[in-house]
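Shown next: run30.txt, containing compact mmCIF, C-alpha atoms.
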```txt
# COMPACT_ATOMS: atom_id res chain seq x y z
CA MET U 1 8.08 54.74 -66.16
CA GLU U 2 11.05 54.59 -63.81
CA VAL U 3 9.65 54.11 -60.29
CA LEU U 4 11.92 56.62 -58.53
CA THR U 5 10.84 60.14 -59.45
CA SER U 6 14.34 61.46 -58.69
CA ASN U 7 15.50 59.56 -61.79
CA TRP U 8 13.00 61.31 -64.06
CA SER U 9 13.97 64.08 -66.46
CA ASN U 10 12.07 66.53 -68.65
CA VAL U 11 8.71 65.91 -66.96
CA GLU U 12 6.19 68.01 -68.89
CA SER U 13 2.91 66.66 -67.51
CA VAL U 14 1.66 64.75 -64.48
CA PRO U 15 1.37 61.02 -65.28
CA LYS U 16 -2.15 59.65 -64.96
CA THR U 17 -1.31 57.45 -61.96
CA TYR U 18 -0.25 60.55 -60.00
CA ILE U 19 -3.45 62.51 -60.62
CA PHE U 20 -5.69 62.25 -57.57
CA PRO U 21 -9.51 62.28 -57.59
CA LEU U 22 -11.11 65.71 -57.41
CA ASP U 23 -12.00 65.36 -53.72
CA SER U 24 -8.42 64.42 -52.75
CA ARG U 25 -6.24 66.72 -54.83
CA PRO U 26 -5.17 70.19 -53.61
CA GLY U 27 -6.99 71.92 -56.48
CA LYS U 28 -5.86 75.46 -55.80
CA LEU U 29 -2.22 76.54 -55.62
CA GLU U 30 -2.49 79.32 -53.06
CA PHE U 31 -3.09 78.50 -49.40
CA PRO U 32 -3.08 80.71 -46.30
CA VAL U 33 0.14 80.66 -44.30
CA CYS U 34 0.02 79.91 -40.58
CA ASN U 35 1.66 82.83 -38.80
CA ASN U 36 0.97 81.87 -35.19
CA ILE U 37 2.88 78.60 -34.87
CA PRO U 38 4.73 78.65 -31.53
CA VAL U 39 8.45 79.44 -31.91
CA ILE U 40 10.35 78.43 -28.77
CA ASP U 41 13.84 79.68 -27.97
CA LEU U 42 15.57 76.79 -26.19
CA ASP U 43 18.40 79.10 -25.07
CA HIS U 44 16.02 81.23 -23.02
CA ASN U 45 17.26 82.23 -19.55
CA HIS U 46 14.22 80.83 -17.75
CA PRO U 47 13.99 77.00 -18.14
CA ALA U 48 10.62 76.81 -16.37
CA GLU U 49 9.17 79.21 -18.94
CA ILE U 50 10.51 77.11 -21.83
CA ILE U 51 8.90 73.98 -20.35
CA GLN U 52 5.59 75.80 -20.00
CA GLN U 53 5.79 76.92 -23.65
CA VAL U 54 6.52 73.35 -24.82
CA ILE U 55 3.59 71.87 -22.88
CA SER U 56 1.25 74.64 -24.07
CA ALA U 57 2.27 74.09 -27.70
CA CYS U 58 1.70 70.31 -27.40
CA GLN U 59 -1.74 70.86 -25.88
CA LYS U 60 -3.05 73.74 -27.96
CA PHE U 61 -1.35 73.54 -31.33
CA GLY U 62 0.11 70.10 -31.79
CA PHE U 63 3.55 71.18 -32.88
CA PHE U 64 6.08 73.97 -32.59
CA GLN U 65 9.35 75.28 -33.99
CA VAL U 66 12.53 75.52 -31.92
CA ILE U 67 15.39 77.97 -32.37
CA ASN U 68 18.78 78.13 -30.63
CA HIS U 69 18.37 74.37 -30.31
CA GLY U 70 22.03 73.36 -30.29
CA VAL U 71 22.24 71.72 -33.73
CA SER U 72 24.72 73.92 -35.59
CA GLU U 73 23.68 75.79 -38.71
CA ASN U 74 26.69 74.35 -40.53
CA LEU U 75 25.73 70.76 -39.67
CA MET U 76 22.14 71.39 -40.74
CA ASP U 77 23.29 72.79 -44.09
CA GLU U 78 25.84 70.02 -44.67
CA THR U 79 23.26 67.33 -43.96
CA MET U 80 20.68 68.90 -46.26
CA ASN U 81 23.31 69.10 -49.01
CA MET U 82 24.17 65.41 -48.49
CA TYR U 83 20.57 64.46 -49.26
CA LYS U 84 20.23 66.81 -52.21
CA GLU U 85 23.36 65.20 -53.64
CA PHE U 86 22.16 61.69 -52.80
CA PHE U 87 18.94 62.07 -54.80
CA LYS U 88 20.97 63.30 -57.80
CA LEU U 89 23.14 60.17 -57.81
CA PRO U 90 22.80 57.73 -60.74
CA GLY U 91 19.73 55.52 -60.65
CA GLU U 92 21.93 52.42 -60.69
CA TYR U 93 23.44 53.38 -57.33
CA LYS U 94 20.14 54.27 -55.66
CA ALA U 95 18.66 51.00 -56.95
CA LYS U 96 20.94 49.14 -54.52
CA PHE U 97 18.79 50.48 -51.68
CA TYR U 98 15.39 50.13 -53.34
CA SER U 99 12.92 48.14 -51.21
CA ASN U 100 9.33 48.20 -49.98
CA ASP U 101 10.25 45.98 -47.02
CA ILE U 102 9.58 47.92 -43.80
CA ASN U 103 12.04 45.66 -41.95
CA LYS U 104 15.01 46.61 -44.13
CA SER U 105 17.34 48.87 -42.16
CA CYS U 106 18.19 51.15 -45.11
CA ARG U 107 15.79 51.61 -48.01
CA ILE U 108 14.62 53.96 -50.72
CA TYR U 109 11.15 53.76 -52.23
CA SER U 110 8.71 55.95 -54.11
CA SER U 111 5.24 57.15 -53.09
CA THR U 112 4.48 54.68 -50.25
CA LEU U 113 5.57 51.18 -49.25
CA SER U 114 2.40 49.96 -51.02
CA TYR U 115 3.47 51.36 -54.41
CA ASP U 116 2.64 48.18 -56.33
CA ASN U 117 -0.92 48.01 -54.99
CA GLU U 118 -1.98 51.66 -54.66
CA GLU U 119 -4.35 53.27 -57.14
CA PHE U 120 -2.66 56.67 -57.06
CA HIS U 121 0.99 57.49 -56.41
CA TYR U 122 2.37 60.33 -54.30
CA TRP U 123 4.90 62.68 -55.86
CA ARG U 124 7.90 61.75 -53.71
CA ASP U 125 10.85 59.49 -53.15
CA ASN U 126 11.63 58.51 -49.58
CA PHE U 127 14.96 57.41 -48.14
CA THR U 128 14.85 55.93 -44.63
CA HIS U 129 17.43 54.25 -42.44
CA ARG U 130 17.95 53.26 -38.83
CA CYS U 131 20.35 55.34 -36.74
CA HIS U 132 20.70 53.79 -33.30
CA PRO U 133 22.88 52.21 -32.18
CA LEU U 134 24.99 54.07 -34.74
CA GLU U 135 27.82 51.51 -34.83
CA GLU U 136 25.34 48.72 -35.67
CA ASN U 137 23.62 50.57 -38.50
CA ILE U 138 26.10 52.90 -40.18
CA GLN U 139 27.63 50.18 -42.38
CA SER U 140 24.28 49.76 -44.14
CA TRP U 141 24.18 53.46 -45.05
CA PRO U 142 25.33 54.79 -48.44
CA ASN U 143 29.02 55.52 -48.93
CA MET U 144 28.10 58.15 -51.49
CA PRO U 145 28.18 61.13 -51.35
CA ILE U 146 31.69 60.68 -49.97
CA LYS U 147 31.08 62.28 -46.56
CA TYR U 148 27.57 60.87 -46.10
CA ARG U 149 28.30 58.59 -43.14
CA GLU U 150 30.43 61.19 -41.37
CA VAL U 151 27.97 64.07 -41.74
CA VAL U 152 24.72 62.17 -41.25
CA GLY U 153 26.22 60.22 -38.36
CA GLU U 154 26.97 63.47 -36.52
CA TYR U 155 23.54 64.85 -37.44
CA SER U 156 21.78 61.76 -36.09
CA ILE U 157 23.66 62.07 -32.78
CA GLU U 158 22.98 65.78 -32.34
CA THR U 159 19.29 65.60 -33.28
CA ARG U 160 18.81 62.60 -30.98
CA LYS U 161 20.26 64.64 -28.11
CA LEU U 162 17.86 67.47 -28.95
CA LEU U 163 14.82 65.20 -28.99
CA TYR U 164 15.74 63.74 -25.60
CA LYS U 165 16.20 67.25 -24.25
CA ILE U 166 12.68 68.13 -25.40
CA LEU U 167 11.26 64.86 -24.04
CA GLU U 168 12.85 65.62 -20.66
CA MET U 169 11.13 69.01 -20.71
CA ILE U 170 7.85 67.20 -21.36
CA CYS U 171 8.60 64.91 -18.39
CA LYS U 172 8.99 67.91 -16.12
CA GLY U 173 5.97 69.69 -17.57
CA LEU U 174 3.68 66.68 -17.09
CA GLY U 175 5.08 65.76 -13.69
CA LEU U 176 6.64 62.48 -14.83
CA GLU U 177 9.81 60.99 -13.41
CA SER U 178 13.05 62.10 -15.04
CA GLY U 179 14.08 59.79 -17.89
CA TYR U 180 10.55 58.47 -18.42
CA PHE U 181 11.01 58.49 -22.21
CA GLU U 182 14.36 56.71 -22.23
CA GLY U 183 14.71 53.02 -23.02
CA GLU U 184 12.22 50.89 -24.95
CA ILE U 185 9.66 53.69 -25.42
CA SER U 186 12.09 55.59 -27.69
CA LYS U 187 14.44 52.83 -28.82
CA THR U 188 13.61 53.04 -32.53
CA HIS U 189 15.50 55.92 -34.14
CA LEU U 190 15.07 56.64 -37.85
CA ILE U 191 16.04 59.32 -40.31
CA SER U 192 13.42 59.58 -43.05
CA VAL U 193 14.02 61.97 -45.94
CA ASN U 194 11.39 63.00 -48.49
CA HIS U 195 12.39 64.36 -51.87
CA HIS U 196 9.94 65.93 -54.31
CA ILE U 197 11.03 66.90 -57.81
CA PRO U 198 9.33 69.91 -59.46
CA CYS U 199 5.77 69.02 -60.48
CA PRO U 200 4.25 70.35 -63.74
CA ASP U 201 0.85 70.85 -62.08
CA PRO U 202 0.82 70.86 -58.24
CA SER U 203 -2.98 71.20 -58.21
CA LEU U 204 -3.38 67.59 -59.36
CA THR U 205 -1.27 65.57 -56.98
CA LEU U 206 0.14 65.33 -53.45
CA GLY U 207 3.68 64.96 -52.17
CA MET U 208 2.65 62.87 -49.16
CA PRO U 209 -0.52 61.30 -47.77
CA VAL U 210 -2.73 63.12 -45.31
CA HIS U 211 -1.49 61.65 -42.03
CA SER U 212 -0.62 61.96 -38.36
CA ASP U 213 2.77 60.76 -37.14
CA PRO U 214 2.34 57.28 -35.58
CA ASN U 215 5.61 57.39 -33.61
CA LEU U 216 6.60 59.00 -30.28
CA ILE U 217 8.06 62.32 -31.47
CA THR U 218 9.33 63.84 -34.72
CA LEU U 219 11.94 66.47 -35.53
CA LEU U 220 11.50 67.98 -39.00
CA HIS U 221 14.14 69.94 -40.89
CA GLN U 222 12.51 71.80 -43.76
CA CYS U 223 14.24 73.37 -46.73
CA ASP U 224 13.28 76.83 -48.00
CA VAL U 225 10.74 75.50 -50.53
CA PRO U 226 7.20 75.55 -49.08
CA GLY U 227 5.00 72.47 -49.10
CA LEU U 228 4.14 71.35 -45.56
CA GLN U 229 0.50 72.00 -44.58
CA ILE U 230 -1.47 71.28 -41.42
CA LEU U 231 -5.21 70.88 -41.04
CA LYS U 232 -6.31 73.62 -38.66
CA ASP U 233 -10.00 74.33 -37.95
CA GLY U 234 -11.00 72.39 -41.08
CA GLN U 235 -8.66 74.35 -43.38
CA TRP U 236 -5.29 73.50 -44.90
CA ILE U 237 -2.67 76.11 -44.00
CA GLY U 238 0.97 76.33 -44.98
CA VAL U 239 3.85 75.98 -42.52
CA HIS U 240 6.79 78.06 -43.69
CA PRO U 241 10.05 77.45 -41.83
CA VAL U 242 11.76 79.98 -39.60
CA THR U 243 15.45 80.32 -40.53
CA ASP U 244 17.60 77.71 -38.76
CA SER U 245 14.59 76.36 -36.88
CA LEU U 246 13.45 72.76 -36.50
CA ILE U 247 9.83 71.64 -36.23
CA VAL U 248 8.82 69.36 -33.35
CA ILE U 249 5.73 67.18 -33.77
CA PRO U 250 4.33 65.08 -30.89
CA GLY U 251 3.42 61.66 -32.29
CA LEU U 252 0.39 59.55 -31.47
CA GLN U 253 2.26 57.50 -28.87
CA LEU U 254 2.98 60.72 -26.95
CA LYS U 255 -0.72 61.54 -27.22
CA VAL U 256 -1.47 58.23 -25.50
CA ILE U 257 1.14 58.68 -22.78
CA SER U 258 -0.18 62.18 -22.03
CA ASN U 259 -3.65 60.58 -21.61
CA ASP U 260 -5.02 62.57 -24.56
CA ARG U 261 -3.74 65.94 -23.33
CA PHE U 262 -1.52 66.42 -26.38
CA ILE U 263 -2.58 67.04 -29.97
CA THR U 264 -1.02 65.15 -32.86
CA PRO U 265 -1.67 67.28 -35.96
CA VAL U 266 -3.02 66.03 -39.26
CA HIS U 267 -0.69 67.22 -42.03
CA ARG U 268 0.23 66.69 -45.67
CA VAL U 269 2.69 67.91 -48.32
CA VAL U 270 1.89 69.66 -51.58
CA THR U 271 4.28 69.89 -54.51
CA HIS U 272 6.04 72.85 -56.15
CA ALA U 273 5.99 73.72 -59.83
CA LYS U 274 9.54 75.02 -60.22
CA GLU U 275 11.75 73.77 -57.42
CA ALA U 276 12.68 70.44 -55.87
CA ARG U 277 11.91 70.09 -52.16
CA THR U 278 13.84 67.97 -49.64
CA THR U 279 12.98 67.55 -45.96
CA ILE U 280 14.70 65.55 -43.22
CA GLY U 281 12.62 63.84 -40.55
CA VAL U 282 14.13 62.35 -37.39
CA PHE U 283 11.80 59.91 -35.64
CA LEU U 284 11.94 58.35 -32.19
CA GLY U 285 9.49 55.54 -31.56
CA PRO U 286 8.82 52.54 -29.35
CA SER U 287 10.49 49.17 -29.76
CA PRO U 288 8.23 46.22 -30.68
CA GLU U 289 8.41 45.06 -27.05
CA SER U 290 7.35 48.39 -25.57
CA ILE U 291 3.97 48.69 -23.84
CA ILE U 292 2.22 51.97 -24.65
CA LYS U 293 -0.29 53.33 -22.13
CA PRO U 294 -1.20 56.56 -20.33
CA ALA U 295 1.49 57.45 -17.80
CA THR U 296 0.54 56.12 -14.37
CA ALA U 297 1.35 59.47 -12.73
CA LEU U 298 -1.27 61.16 -14.90
CA VAL U 299 -4.14 58.85 -13.97
CA ASN U 300 -3.57 57.25 -10.56
CA CYS U 301 -2.58 60.31 -8.56
CA SER U 302 -5.44 62.46 -9.84
CA ASN U 303 -8.13 59.75 -10.05
CA ILE U 304 -8.52 60.41 -13.78
CA GLU U 305 -9.64 57.49 -15.92
CA PRO U 306 -7.14 56.39 -18.58
CA VAL U 307 -8.42 57.37 -22.02
CA PHE U 308 -6.53 54.50 -23.71
CA ARG U 309 -5.89 50.89 -22.81
CA ALA U 310 -2.38 49.47 -22.89
CA PHE U 311 -1.10 48.07 -26.19
CA THR U 312 2.13 47.10 -27.92
CA TYR U 313 3.51 49.01 -30.88
CA PRO U 314 2.98 46.00 -33.22
CA GLU U 315 -0.69 45.94 -32.13
CA PHE U 316 -0.98 49.58 -33.10
CA PHE U 317 0.66 49.01 -36.47
CA LYS U 318 -1.63 46.07 -37.19
CA ALA U 319 -4.63 48.39 -36.71
CA PHE U 320 -2.79 51.15 -38.60
CA SER U 321 -2.15 48.91 -41.61
CA ALA U 322 -5.71 47.54 -41.78
CA GLY U 323 -7.96 49.24 -44.30
CA ALA U 324 -7.18 51.12 -47.49
CA LYS U 325 -6.30 54.54 -46.07
CA CYS U 326 -4.07 53.50 -43.15
CA ASP U 327 -5.33 56.37 -40.98
CA ALA U 328 -3.23 56.55 -37.80
CA GLN U 329 -5.85 58.55 -35.88
CA VAL U 330 -8.48 55.94 -36.72
CA ALA U 331 -6.07 53.18 -35.70
CA LEU U 332 -5.56 54.83 -32.33
CA ASN U 333 -9.31 54.85 -31.71
CA HIS U 334 -9.16 51.04 -31.50
CA PHE U 335 -7.36 51.45 -28.19
CA ARG U 336 -9.63 54.03 -26.56
CA ASN U 337 -11.43 52.88 -23.46
CA LYS U 338 -15.17 53.02 -23.91
CA PRO U 339 -16.96 55.52 -21.62
```
Represent the structure of the file as structure tokens.
Amino acid sequence: MEVLTSNWSNVESVPKTYIFPLDSRPGKLEFPVCNNIPVIDLDHNHPAEIIQQVISACQKFGFFQVINHGVSENLMDETMNMYKEFFKLPGEYKAKFYSNDINKSCRIYSSTLSYDNEEFHYWRDNFTHRCHPLEENIQSWPNMPIKYREVVGEYSIETRKLLYKILEMICKGLGLESGYFEGEISKTHLISVNHHIPCPDPSLTLGMPVHSDPNLITLLHQCDVPGLQILKDGQWIGVHPVTDSLIVIPGLQLKVISNDRFITPVHRVVTHAKEARTTIGVFLGPSPESIIKPATALVNCSNIEPVFRAFTYPEFFKAFSAGAKCDAQVALNHFRNKP
């Protein structure tokens, strides 16, 4: 079969290589919906209260949704439409970007980067490219749809501003120096878009692996088709988007810097029987040269032992890539200080 699922047509049954073992597949089609996810209004009149809400959400829930965040509704809609159009483009055009090389600055692939070696495939295509510095990366982006570079370029700038605004709130909430998260610790900036075509039987397969985000922080723009689920108290629950909201997910590197105060949620994506689903992820992460460790202000001043030892991002990814399941939470345990 054609590797990219977005090139498929008239799919009447789930191919064998996409059917997961009984203990890994969703099985049922109905899941409870999480109704108590924190929704934070970033245009609130009391900045100190917003900061408190952000810190509380990072500590108690692991992620939150933001509204009145400054990214215009029109830009959000235009960008989502760019990606819906992109995945409908002819296979010959998308093939120009096909690669499983993690070092390629602009790439499309299906399932995971280990497609050729994995036993079961995930029901998704992924399109990822680097965004910063914009002038160094934009020429590698698609020139179709026609306005892709213009629209996505603006979107990458505005969402980057938003993430730094949230990171600065976290600085203040944790008592870190202003600008702590600027520079090498957040130098890597990616847009990563997942596209899932309608699936004949969503009970048999998954749209994405069960995972925790290995980066610093994530901004997720959902469409109106459900699919995102988080593992909460041992149960999978659905995360339905609030209109015009964006989801913020603290990554594992932020968990380290907070000295294990923050939660990085385990989540996955299930498929939909009738509608395609497209989501836009914006990721900030450390450069290869960055040293990741608990913030000094959180351990030295309060005589608290650091939960993690210092490591580089490549060291983390080496542990992350080892083993068949590539579990980011397990990889992080390699860097915990022994009691």
For this session: Measure the distance from atom CA of Thr205 of chain U to atom CA of Val14 of chain U in Å and round it to one decimal.
Result: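 The value is 8.1 Å.
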Might you pull out every residue within 8 Å of segment 261-264 of chain U, with all atoms listed in the file counted and same-chain residues fewer than 3 positions away left off, and present them as an mmCIF file with C-alpha atoms, in the coordinates of the input?
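For reference, around-v9.cif as written:
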```cif
data_model
loop_
_atom_site.group_PDB
_atom_site.id
_atom_site.type_symbol
_atom_site.label_atom_id
_atom_site.label_comp_id
_atom_site.auth_asym_id
_atom_site.auth_seq_id
_atom_site.Cartn_x
_atom_site.Cartn_y
_atom_site.Cartn_z
ATOM 1 C CA CYS U 58 1.700 70.310 -27.400
ATOM 2 C CA GLN U 59 -1.740 70.860 -25.880
ATOM 3 C CA LYS U 60 -3.050 73.740 -27.960
ATOM 4 C CA PHE U 61 -1.350 73.540 -31.330
ATOM 5 C CA GLY U 62 0.110 70.100 -31.790
ATOM 6 C CA PHE U 63 3.550 71.180 -32.880
ATOM 7 C CA SER U 212 -0.620 61.960 -38.360
ATOM 8 C CA ASP U 213 2.770 60.760 -37.140
ATOM 9 C CA ILE U 249 5.730 67.180 -33.770
ATOM 10 C CA PRO U 250 4.330 65.080 -30.890
ATOM 11 C CA GLY U 251 3.420 61.660 -32.290
ATOM 12 C CA LEU U 252 0.390 59.550 -31.470
ATOM 13 C CA LEU U 254 2.980 60.720 -26.950
ATOM 14 C CA LYS U 255 -0.720 61.540 -27.220
ATOM 15 C CA SER U 258 -0.180 62.180 -22.030
#
```
Problem set entry | Option closest in space to Lys232 of chain U, from U:Cys34, U:Leu75, U:Cys171, U:Cys199 [counting only C-alpha atoms] |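 Closest residue, counting only C-alpha atoms: U:Cys34.
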For this session: Rank U:Ser72, U:Thr296, U:Asn259, U:Thr79 by their smallest atom-to-atom distance to Leu176 of chain U, using only C-alpha atoms, and report the top residue only.
Result: U:Thr296
Problem set entry | Selected residue of minimal separation from Phe127 of chain U among U:Ile191, U:Ile291, U:Leu167, U:Ala328, counting all atoms listed in the file |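 Using all atoms listed in the file, the shortest distance to Phe127 of chain U belongs to U:Ile191.
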Exercise. How many Å lie between atom CA of Lys187 of chain U and atom CA of Lys161 of chain U, rounded to one decimal?
Worked result: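 Separating atom CA of Lys187 of chain U from atom CA of Lys161 of chain U is a distance of 13.2 Å.
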Kindly write C-alpha atoms of segment 82-109 of chain U from the structure just given to a file, as a PDB file, in the first residue's frame.
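Result file result39.pdb:
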```pdb
ATOM      1  CA  MET U  82      -3.447  25.440   5.108  1.00  0.00           C
ATOM      2  CA  TYR U  83      -2.740  22.023   6.617  1.00  0.00           C
ATOM      3  CA  LYS U  84      -6.047  20.503   5.562  1.00  0.00           C
ATOM      4  CA  GLU U  85      -5.253  21.636   2.019  1.00  0.00           C
ATOM      5  CA  PHE U  86      -1.655  20.429   2.254  1.00  0.00           C
ATOM      6  CA  PHE U  87      -2.669  16.857   3.097  1.00  0.00           C
ATOM      7  CA  LYS U  88      -5.057  16.853   0.112  1.00  0.00           C
ATOM      8  CA  LEU U  89      -2.277  17.766  -2.324  1.00  0.00           C
ATOM      9  CA  PRO U  90      -1.178  15.158  -4.889  1.00  0.00           C
ATOM     10  CA  GLY U  91       1.007  12.373  -3.548  1.00  0.00           C
ATOM     11  CA  GLU U  92       3.756  13.305  -6.003  1.00  0.00           C
ATOM     12  CA  TYR U  93       4.134  16.722  -4.374  1.00  0.00           C
ATOM     13  CA  LYS U  94       4.110  15.442  -0.790  1.00  0.00           C
ATOM     14  CA  ALA U  95       6.653  12.782  -1.764  1.00  0.00           C
ATOM     15  CA  LYS U  96       9.235  15.566  -2.177  1.00  0.00           C
ATOM     16  CA  PHE U  97       9.205  15.978   1.601  1.00  0.00           C
ATOM     17  CA  TYR U  98       9.008  12.305   2.567  1.00  0.00           C
ATOM     18  CA  SER U  99      11.764  11.282   4.994  1.00  0.00           C
ATOM     19  CA  ASN U 100      12.338   9.316   8.193  1.00  0.00           C
ATOM     20  CA  ASP U 101      15.506  11.310   8.917  1.00  0.00           C
ATOM     21  CA  ILE U 102      15.024  13.215  12.193  1.00  0.00           C
ATOM     22  CA  ASN U 103      17.730  15.689  11.126  1.00  0.00           C
ATOM     23  CA  LYS U 104      15.884  16.829   8.004  1.00  0.00           C
ATOM     24  CA  SER U 105      14.491  20.318   8.564  1.00  0.00           C
ATOM     25  CA  CYS U 106      11.206  19.689   6.724  1.00  0.00           C
ATOM     26  CA  ARG U 107       9.734  16.203   6.442  1.00  0.00           C
ATOM     27  CA  ILE U 108       6.551  14.197   6.099  1.00  0.00           C
ATOM     28  CA  TYR U 109       6.272  10.609   7.262  1.00  0.00           C
TER      29      TYR U 109
END
```
